[in-house]
Every structure is written in structure tokens, then in C-alpha cells.
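Quick notes on the structure that follows.
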Amino acid sequence: MKIFPLSLSSLCVACAFVAVLFLAMSQKPAAATATFEYKIGVDLDDGDIKKLASEGWEYVGYLGTSPRGASTDETHWKRPAK
């Protein structure tokens, strides 16, 4: 039966590897990311905007003119998924 020589440097490397392994195992899993619903509003007036806000929709940004015509504007809205 052969006896393997154990050097100080290999012992230090093994201990460091085990320490990193235990540190990685002790980490909590990443929190679940929030999911959102998205909606595109076309030519909204004040009443439509108030209705969207009361339903929990949040204004994200202006998308620009719609392919439906030059005088038609689109806006982007989001809310947490239910």
C-alpha cells in the first residue's frame, strides 16, 4: 500500500477549495423577479388615463406615432402581473 505524501501547499489549496464550496452552498437562492403585464395605449384622453391609473397601470413611456396614422400616438403601460 502506497502512502501519498501531503505537502503544505496542497493542504492549503484543499482547505481554500472547501471554504469556497461551503461559502457557495450557504448563499440564498436569488429572489424571484417581478413579472409585469404590458399594454399599449392608443390615443388616450384624460378619462382613459385615469381609468388605467385606477386599475394599477403605470406609465412607462411614449412609443411614438402609430403605424395606423401620423396623428395617432401610442404610449406604453405596465403593472405587476396578477
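Identifiers for the C-alpha cells are assigned positionally: chains receive A, B, ... in sequence, residues are indexed from 1 per chain, and ligands are indexed from 1 in the order shown.
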Could you write out, as a short mmCIF file (atom, residue, chain, number, x, y, z; two decimals) with all heavy atoms, in the first residue's frame, all the residues of segment 25-75 of chain A that DSSP marks as strand (DSSP E or B)?
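Okay, result.cif is ready:
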```
data_model
loop_
_atom_site.label_atom_id
_atom_site.label_comp_id
_atom_site.auth_asym_id
_atom_site.auth_seq_id
_atom_site.Cartn_x
_atom_site.Cartn_y
_atom_site.Cartn_z
N PHE A 36 -44.44 41.42 -15.04
CA PHE A 36 -45.34 42.52 -15.36
C PHE A 36 -46.22 42.17 -16.55
O PHE A 36 -45.85 41.37 -17.39
CB PHE A 36 -44.55 43.79 -15.68
CG PHE A 36 -43.82 44.38 -14.51
CD1 PHE A 36 -42.48 44.08 -14.28
CD2 PHE A 36 -44.47 45.22 -13.64
CE1 PHE A 36 -41.81 44.62 -13.20
CE2 PHE A 36 -43.81 45.77 -12.55
CZ PHE A 36 -42.48 45.47 -12.33
N GLU A 37 -47.36 42.82 -16.58
CA GLU A 37 -48.21 42.83 -17.76
C GLU A 37 -47.92 44.13 -18.49
O GLU A 37 -47.65 45.15 -17.86
CB GLU A 37 -49.69 42.84 -17.38
CG GLU A 37 -50.19 41.63 -16.64
CD GLU A 37 -51.67 41.81 -16.32
OE1 GLU A 37 -52.50 41.61 -17.23
OE2 GLU A 37 -51.96 42.16 -15.18
N TYR A 38 -47.99 44.10 -19.80
CA TYR A 38 -47.73 45.30 -20.59
C TYR A 38 -48.92 45.60 -21.48
O TYR A 38 -49.65 44.70 -21.90
CB TYR A 38 -46.47 45.13 -21.44
CG TYR A 38 -45.23 44.97 -20.60
CD1 TYR A 38 -44.72 43.71 -20.31
CD2 TYR A 38 -44.59 46.08 -20.08
CE1 TYR A 38 -43.59 43.56 -19.53
CE2 TYR A 38 -43.45 45.94 -19.30
CZ TYR A 38 -42.95 44.68 -19.03
OH TYR A 38 -41.84 44.55 -18.26
N LYS A 39 -49.10 46.87 -21.75
CA LYS A 39 -50.22 47.31 -22.58
C LYS A 39 -49.78 48.52 -23.38
O LYS A 39 -49.01 49.35 -22.92
CB LYS A 39 -51.38 47.68 -21.65
CG LYS A 39 -52.65 48.09 -22.34
CD LYS A 39 -53.70 48.43 -21.30
CE LYS A 39 -55.01 47.85 -21.73
NZ LYS A 39 -56.05 48.00 -20.74
N ILE A 40 -50.30 48.62 -24.59
CA ILE A 40 -50.04 49.79 -25.43
C ILE A 40 -51.35 50.55 -25.56
O ILE A 40 -52.36 50.00 -25.99
CB ILE A 40 -49.52 49.38 -26.81
CG1 ILE A 40 -48.15 48.73 -26.66
CG2 ILE A 40 -49.43 50.59 -27.73
CD1 ILE A 40 -47.58 48.19 -27.93
N GLY A 41 -51.31 51.81 -25.15
CA GLY A 41 -52.48 52.68 -25.26
C GLY A 41 -52.39 53.52 -26.52
O GLY A 41 -51.35 54.06 -26.84
N VAL A 42 -53.50 53.59 -27.24
CA VAL A 42 -53.53 54.34 -28.49
C VAL A 42 -54.47 55.53 -28.34
O VAL A 42 -55.64 55.37 -28.00
CB VAL A 42 -54.01 53.44 -29.65
CG1 VAL A 42 -54.05 54.23 -30.95
CG2 VAL A 42 -53.11 52.23 -29.79
N GLU A 58 -49.11 51.62 -14.78
CA GLU A 58 -48.10 52.67 -14.60
C GLU A 58 -47.55 53.07 -15.97
O GLU A 58 -47.23 52.22 -16.80
CB GLU A 58 -46.97 52.11 -13.74
CG GLU A 58 -45.82 53.04 -13.53
CD GLU A 58 -44.68 52.37 -12.76
OE1 GLU A 58 -44.90 51.32 -12.14
OE2 GLU A 58 -43.57 52.92 -12.82
N TYR A 59 -47.47 54.37 -16.19
CA TYR A 59 -46.95 54.89 -17.45
C TYR A 59 -45.47 54.58 -17.57
O TYR A 59 -44.69 54.86 -16.67
CB TYR A 59 -47.19 56.40 -17.51
CG TYR A 59 -46.62 57.07 -18.74
CD1 TYR A 59 -47.25 56.97 -19.96
CD2 TYR A 59 -45.44 57.80 -18.66
CE1 TYR A 59 -46.74 57.59 -21.08
CE2 TYR A 59 -44.92 58.43 -19.77
CZ TYR A 59 -45.56 58.32 -20.98
OH TYR A 59 -45.05 58.93 -22.09
N VAL A 60 -45.07 53.98 -18.69
CA VAL A 60 -43.66 53.63 -18.91
C VAL A 60 -43.01 54.62 -19.87
O VAL A 60 -41.91 55.10 -19.61
CB VAL A 60 -43.53 52.19 -19.45
CG1 VAL A 60 -42.09 51.87 -19.78
CG2 VAL A 60 -44.08 51.19 -18.46
N GLY A 61 -43.71 54.93 -20.96
CA GLY A 61 -43.11 55.87 -21.89
C GLY A 61 -43.91 56.05 -23.16
O GLY A 61 -44.89 55.34 -23.42
N TYR A 62 -43.47 56.99 -23.93
CA TYR A 62 -44.10 57.32 -25.21
C TYR A 62 -43.45 56.48 -26.30
O TYR A 62 -42.23 56.44 -26.44
CB TYR A 62 -43.91 58.81 -25.48
CG TYR A 62 -44.46 59.29 -26.80
CD1 TYR A 62 -45.83 59.34 -27.02
CD2 TYR A 62 -43.62 59.68 -27.82
CE1 TYR A 62 -46.34 59.79 -28.23
CE2 TYR A 62 -44.11 60.13 -29.03
CZ TYR A 62 -45.48 60.17 -29.23
OH TYR A 62 -45.98 60.60 -30.42
N LEU A 63 -44.25 55.78 -27.09
CA LEU A 63 -43.72 54.93 -28.15
C LEU A 63 -43.60 55.66 -29.48
O LEU A 63 -42.85 55.23 -30.34
CB LEU A 63 -44.60 53.69 -28.32
CG LEU A 63 -44.62 52.73 -27.13
CD1 LEU A 63 -45.59 51.61 -27.38
CD2 LEU A 63 -43.24 52.18 -26.87
N GLY A 64 -44.36 56.70 -29.66
CA GLY A 64 -44.28 57.45 -30.90
C GLY A 64 -45.58 57.37 -31.68
O GLY A 64 -46.62 56.96 -31.16
N THR A 65 -45.50 57.75 -32.92
CA THR A 65 -46.70 57.71 -33.76
C THR A 65 -46.98 56.27 -34.17
O THR A 65 -46.08 55.47 -34.41
CB THR A 65 -46.54 58.59 -35.00
OG1 THR A 65 -45.39 58.17 -35.71
CG2 THR A 65 -46.42 60.04 -34.63
N ASP A 73 -51.06 58.53 -31.60
CA ASP A 73 -49.92 58.34 -30.70
C ASP A 73 -50.12 57.08 -29.86
O ASP A 73 -51.23 56.73 -29.48
CB ASP A 73 -49.77 59.54 -29.77
CG ASP A 73 -49.38 60.80 -30.51
OD1 ASP A 73 -48.63 60.67 -31.49
OD2 ASP A 73 -49.82 61.89 -30.11
N GLU A 74 -49.00 56.41 -29.54
CA GLU A 74 -49.03 55.22 -28.71
C GLU A 74 -48.20 55.44 -27.45
O GLU A 74 -47.12 56.02 -27.50
CB GLU A 74 -48.49 54.01 -29.47
CG GLU A 74 -49.36 53.58 -30.62
CD GLU A 74 -48.83 52.34 -31.32
OE1 GLU A 74 -47.69 51.93 -31.07
OE2 GLU A 74 -49.59 51.77 -32.13
N THR A 75 -48.71 54.94 -26.32
CA THR A 75 -47.98 55.00 -25.06
C THR A 75 -47.87 53.59 -24.49
O THR A 75 -48.69 52.73 -24.77
CB THR A 75 -48.70 55.92 -24.04
OG1 THR A 75 -50.05 55.50 -23.91
CG2 THR A 75 -48.65 57.36 -24.48
#
```
field: DSSP-assigned alpha helix (DSSP H) members of chain A, reported as a PyMOL selection string
entry: chain A and resi 8-25+46-54
Just to be explicit: take each residue in the selection above, keep C-alpha atoms, and write the result as a CSV table (one decimal), in the first residue's frame.
```csv
chain,number,residue,atom,x,y,z
A,8,LEU,CA,1.6,22.1,3.0
A,9,SER,CA,0.7,23.8,-0.3
A,10,SER,CA,-1.7,21.1,-1.4
A,11,LEU,CA,-3.3,21.1,2.1
A,12,CYS,CA,-3.8,24.9,1.8
A,13,VAL,CA,-5.3,24.6,-1.6
A,14,ALA,CA,-7.7,21.9,-0.5
A,15,CYS,CA,-8.8,24.0,2.5
A,16,ALA,CA,-9.4,27.0,0.4
A,17,PHE,CA,-11.4,24.9,-2.1
A,18,VAL,CA,-13.6,23.6,0.8
A,19,ALA,CA,-14.1,27.1,2.2
A,20,VAL,CA,-15.2,28.4,-1.1
A,21,LEU,CA,-17.5,25.4,-1.6
A,22,PHE,CA,-19.2,26.0,1.8
A,23,LEU,CA,-19.5,29.7,1.1
A,24,ALA,CA,-21.2,29.0,-2.2
A,25,MET,CA,-23.6,26.5,-0.5
A,46,ASP,CA,-57.8,62.1,-19.7
A,47,GLY,CA,-60.6,59.7,-18.9
A,48,ASP,CA,-58.7,56.7,-20.3
A,49,ILE,CA,-55.6,57.7,-18.4
A,50,LYS,CA,-57.4,58.0,-15.1
A,51,LYS,CA,-59.1,54.6,-15.7
A,52,LEU,CA,-55.7,52.9,-16.4
A,53,ALA,CA,-54.2,54.5,-13.3
A,54,SER,CA,-57.1,53.3,-11.1
```
- prompt: Which value, in Å to one decimal, gives the distance between atom CA of Ala81 of chain A and atom CA of Ser66 of chain A?
  reply: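 Computed distance, atom CA of Ala81 of chain A to atom CA of Ser66 of chain A, equals 25.7 Å.
Taking atom CA of His76 of chain A and atom CA of Ala30 of chain A as the two end points, the separation is 28.6 Å.
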message: I'd like the neighbourhood of segment 31-35 of chain A as a PyMOL selection string, where a residue qualifies if any of its atoms comes within 12 Å (using only C-alpha atoms), though same-chain residues fewer than 2 positions away should be ignored.
response: chain A and resi 27-29+37-38+78-82
- prompt: Pick from A:Asp45, A:Ser7, A:Ser26, A:Glu55: nearest to Trp77 of chain A, with only C-alpha atoms counted?
  reply: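 Of all the options, A:Glu55 lies closest to Trp77 of chain A.
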